[in-house]
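Chemist: Below is a structure I'd like to ask you about.
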Amino acid sequence: MTNEEVAKDLIRQFGEDVYDFDDPYGMLTLSTTREQIIPMLQYLNTHPIYQISFLTTLCGIHYPDDPNPAREFCIVYQLHSLVNNFRIRIKVFLAEADLHIPTATTVYLSANWMERETYDFFGVIFDGHPKLTRILNMEDMDYFPMRKQYPLEDPTREDKIDALFGR
């Protein structure tokens, strides 16, 4: 089973909804739509040969400088077939105005806390999630701290010397 074989099979199954293929460090990486992510995860999980049954990571990324507003947020799924030692990374891009995506808990129970963490830090709503509440931050926080909307440093700080930080 090679990256190319799996990529061709996914194109046969999902057509134009699979795009941006790459294989950095030998890991098949591709993008799909929010409408196809759950069918694709189910297909990979139940496929008799692939048997991609382990969700390694589910996380969010914020790209505030992307010129395409529909690609400002990215949800990344990294999956692993323990039987075949095969890994795949799937990305779904979302616009800030519509941060909704179906929950993957229907396919991988381990997605529960990962989705809660992604909601907690980025504000992505996982539709159908059994308990989408904050998991690490306080419930009364009214912002999402991993969004790149805030300065990295306080410009009014006077208690540090830039030369000590290589600046």
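Residue numbering restarts at 1 for every chain of the structure tokens, chains are lettered A, B, ... in their displayed order, and ligands are numbered from 1 as they appear.
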Could you tell me, as an MDAnalysis selection string, which residues of chain A DSSP assigns to strand (DSSP E or B) when given the backbone?

Modeler: chainID A and resid 18:22 28:32 54:62 73:81 86:94 100:102 125:127

Chemist: Could you give me, as a count of residues only, the residues within 12 Å of A:Thr133, counting only C-alpha atoms and dropping anything in the same chain fewer than 6 positions from it?

Modeler: 17

Chemist: Mind the document's chain letters and residue numbers, and return as a PyMOL selection string the residues of chain A that DSSP labels alpha helix (DSSP H).

Modeler: chain A and resi 3-14+37-46+111-122

Chemist: Quick one: residues within 12 Å of A:His100, only C-alpha atoms counted, chain neighbours fewer than 2 positions away excluded, as a PDB file with N, CA, C and O atoms, in the first residue's frame?

Modeler:
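Contents of part-v8.pdb, as written:
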```pdb
ATOM      1  N   THR A  33     -13.343  18.664   1.924  1.00  0.00           N
ATOM      2  CA  THR A  33     -14.356  19.618   2.372  1.00  0.00           C
ATOM      3  C   THR A  33     -14.970  19.145   3.689  1.00  0.00           C
ATOM      4  O   THR A  33     -14.882  17.978   4.042  1.00  0.00           O
ATOM      5  N   ARG A  34     -15.633  20.064   4.366  1.00  0.00           N
ATOM      6  CA  ARG A  34     -16.304  19.683   5.625  1.00  0.00           C
ATOM      7  C   ARG A  34     -17.430  18.690   5.364  1.00  0.00           C
ATOM      8  O   ARG A  34     -17.740  17.875   6.214  1.00  0.00           O
ATOM      9  N   GLU A  35     -18.020  18.746   4.172  1.00  0.00           N
ATOM     10  CA  GLU A  35     -19.105  17.822   3.835  1.00  0.00           C
ATOM     11  C   GLU A  35     -18.601  16.395   3.644  1.00  0.00           C
ATOM     12  O   GLU A  35     -19.346  15.443   3.832  1.00  0.00           O
ATOM     13  N   PHE A  73      -8.915  29.204   8.747  1.00  0.00           N
ATOM     14  CA  PHE A  73      -8.762  28.179   9.782  1.00  0.00           C
ATOM     15  C   PHE A  73      -8.638  26.818   9.129  1.00  0.00           C
ATOM     16  O   PHE A  73      -9.246  26.552   8.097  1.00  0.00           O
ATOM     17  N   CYS A  74      -7.856  25.961   9.761  1.00  0.00           N
ATOM     18  CA  CYS A  74      -7.649  24.610   9.235  1.00  0.00           C
ATOM     19  C   CYS A  74      -7.821  23.618  10.378  1.00  0.00           C
ATOM     20  O   CYS A  74      -7.288  23.816  11.466  1.00  0.00           O
ATOM     21  N   ILE A  75      -8.579  22.565  10.120  1.00  0.00           N
ATOM     22  CA  ILE A  75      -8.693  21.449  11.058  1.00  0.00           C
ATOM     23  C   ILE A  75      -7.886  20.308  10.445  1.00  0.00           C
ATOM     24  O   ILE A  75      -8.098  19.934   9.290  1.00  0.00           O
ATOM     25  N   VAL A  92      -9.022  20.209   6.542  1.00  0.00           N
ATOM     26  CA  VAL A  92     -10.275  20.846   6.139  1.00  0.00           C
ATOM     27  C   VAL A  92     -10.145  22.323   6.474  1.00  0.00           C
ATOM     28  O   VAL A  92      -9.881  22.674   7.628  1.00  0.00           O
ATOM     29  N   PHE A  93     -10.323  23.181   5.478  1.00  0.00           N
ATOM     30  CA  PHE A  93     -10.206  24.623   5.685  1.00  0.00           C
ATOM     31  C   PHE A  93     -11.581  25.241   5.892  1.00  0.00           C
ATOM     32  O   PHE A  93     -12.561  24.845   5.251  1.00  0.00           O
ATOM     33  N   LEU A  94     -11.627  26.230   6.800  1.00  0.00           N
ATOM     34  CA  LEU A  94     -12.877  26.900   7.146  1.00  0.00           C
ATOM     35  C   LEU A  94     -12.670  28.405   7.190  1.00  0.00           C
ATOM     36  O   LEU A  94     -11.574  28.877   7.489  1.00  0.00           O
ATOM     37  N   ALA A  95     -13.744  29.139   6.946  1.00  0.00           N
ATOM     38  CA  ALA A  95     -13.725  30.591   7.073  1.00  0.00           C
ATOM     39  C   ALA A  95     -14.125  30.980   8.490  1.00  0.00           C
ATOM     40  O   ALA A  95     -14.912  30.280   9.139  1.00  0.00           O
ATOM     41  N   GLU A  96     -13.618  32.093   8.966  1.00  0.00           N
ATOM     42  CA  GLU A  96     -13.955  32.540  10.319  1.00  0.00           C
ATOM     43  C   GLU A  96     -15.455  32.776  10.474  1.00  0.00           C
ATOM     44  O   GLU A  96     -16.023  32.550  11.543  1.00  0.00           O
ATOM     45  N   ALA A  97     -16.096  33.192   9.404  1.00  0.00           N
ATOM     46  CA  ALA A  97     -17.534  33.470   9.451  1.00  0.00           C
ATOM     47  C   ALA A  97     -18.382  32.207   9.591  1.00  0.00           C
ATOM     48  O   ALA A  97     -19.558  32.291   9.927  1.00  0.00           O
ATOM     49  N   ASP A  98     -17.795  31.037   9.343  1.00  0.00           N
ATOM     50  CA  ASP A  98     -18.552  29.784   9.401  1.00  0.00           C
ATOM     51  C   ASP A  98     -17.665  28.667   9.956  1.00  0.00           C
ATOM     52  O   ASP A  98     -17.257  27.762   9.232  1.00  0.00           O
ATOM     53  N   PRO A 102     -18.620  18.858  11.083  1.00  0.00           N
ATOM     54  CA  PRO A 102     -19.237  17.723  11.797  1.00  0.00           C
ATOM     55  C   PRO A 102     -18.245  17.060  12.762  1.00  0.00           C
ATOM     56  O   PRO A 102     -17.049  17.012  12.497  1.00  0.00           O
ATOM     57  N   THR A 103     -18.762  16.539  13.845  1.00  0.00           N
ATOM     58  CA  THR A 103     -17.904  15.850  14.809  1.00  0.00           C
ATOM     59  C   THR A 103     -17.407  14.525  14.243  1.00  0.00           C
ATOM     60  O   THR A 103     -18.128  13.837  13.520  1.00  0.00           O
ATOM     61  N   GLU A 115     -11.496  17.425  19.941  1.00  0.00           N
ATOM     62  CA  GLU A 115     -12.427  18.426  19.425  1.00  0.00           C
ATOM     63  C   GLU A 115     -12.735  19.482  20.479  1.00  0.00           C
ATOM     64  O   GLU A 115     -12.836  20.666  20.168  1.00  0.00           O
ATOM     65  N   THR A 118      -9.815  21.811  20.544  1.00  0.00           N
ATOM     66  CA  THR A 118      -9.814  22.683  19.367  1.00  0.00           C
ATOM     67  C   THR A 118     -10.880  23.767  19.503  1.00  0.00           C
ATOM     68  O   THR A 118     -10.644  24.921  19.159  1.00  0.00           O
ATOM     69  N   TYR A 119     -12.032  23.403  20.027  1.00  0.00           N
ATOM     70  CA  TYR A 119     -13.066  24.409  20.307  1.00  0.00           C
ATOM     71  C   TYR A 119     -12.562  25.409  21.345  1.00  0.00           C
ATOM     72  O   TYR A 119     -12.701  26.624  21.190  1.00  0.00           O
ATOM     73  N   PHE A 122      -9.599  27.559  19.618  1.00  0.00           N
ATOM     74  CA  PHE A 122      -9.819  28.220  18.328  1.00  0.00           C
ATOM     75  C   PHE A 122     -11.267  28.625  18.080  1.00  0.00           C
ATOM     76  O   PHE A 122     -11.539  29.392  17.170  1.00  0.00           O
ATOM     77  N   GLY A 123     -12.219  28.084  18.824  1.00  0.00           N
ATOM     78  CA  GLY A 123     -13.620  28.441  18.647  1.00  0.00           C
ATOM     79  C   GLY A 123     -14.322  27.695  17.537  1.00  0.00           C
ATOM     80  O   GLY A 123     -15.394  28.098  17.093  1.00  0.00           O
ATOM     81  N   VAL A 124     -13.768  26.588  17.084  1.00  0.00           N
ATOM     82  CA  VAL A 124     -14.397  25.791  16.026  1.00  0.00           C
ATOM     83  C   VAL A 124     -15.539  24.981  16.641  1.00  0.00           C
ATOM     84  O   VAL A 124     -15.358  24.309  17.653  1.00  0.00           O
ATOM     85  N   ILE A 125     -16.718  25.053  16.030  1.00  0.00           N
ATOM     86  CA  ILE A 125     -17.894  24.339  16.512  1.00  0.00           C
ATOM     87  C   ILE A 125     -17.963  22.983  15.801  1.00  0.00           C
ATOM     88  O   ILE A 125     -18.032  22.920  14.575  1.00  0.00           O
ATOM     89  N   PHE A 126     -17.945  21.908  16.581  1.00  0.00           N
ATOM     90  CA  PHE A 126     -18.057  20.556  16.037  1.00  0.00           C
ATOM     91  C   PHE A 126     -19.517  20.126  16.184  1.00  0.00           C
ATOM     92  O   PHE A 126     -19.952  19.719  17.269  1.00  0.00           O
ATOM     93  N   ASP A 127     -20.253  20.246  15.091  1.00  0.00           N
ATOM     94  CA  ASP A 127     -21.686  19.939  15.108  1.00  0.00           C
ATOM     95  C   ASP A 127     -21.919  18.470  15.454  1.00  0.00           C
ATOM     96  O   ASP A 127     -21.301  17.584  14.867  1.00  0.00           O
ATOM     97  N   GLY A 128     -22.821  18.238  16.416  1.00  0.00           N
ATOM     98  CA  GLY A 128     -23.153  16.893  16.830  1.00  0.00           C
ATOM     99  C   GLY A 128     -22.268  16.350  17.948  1.00  0.00           C
ATOM    100  O   GLY A 128     -22.439  15.213  18.369  1.00  0.00           O
ATOM    101  N   HIS A 129     -21.324  17.144  18.420  1.00  0.00           N
ATOM    102  CA  HIS A 129     -20.431  16.685  19.499  1.00  0.00           C
ATOM    103  C   HIS A 129     -21.248  16.438  20.768  1.00  0.00           C
ATOM    104  O   HIS A 129     -22.131  17.216  21.091  1.00  0.00           O
TER     105      HIS A 129
END
```
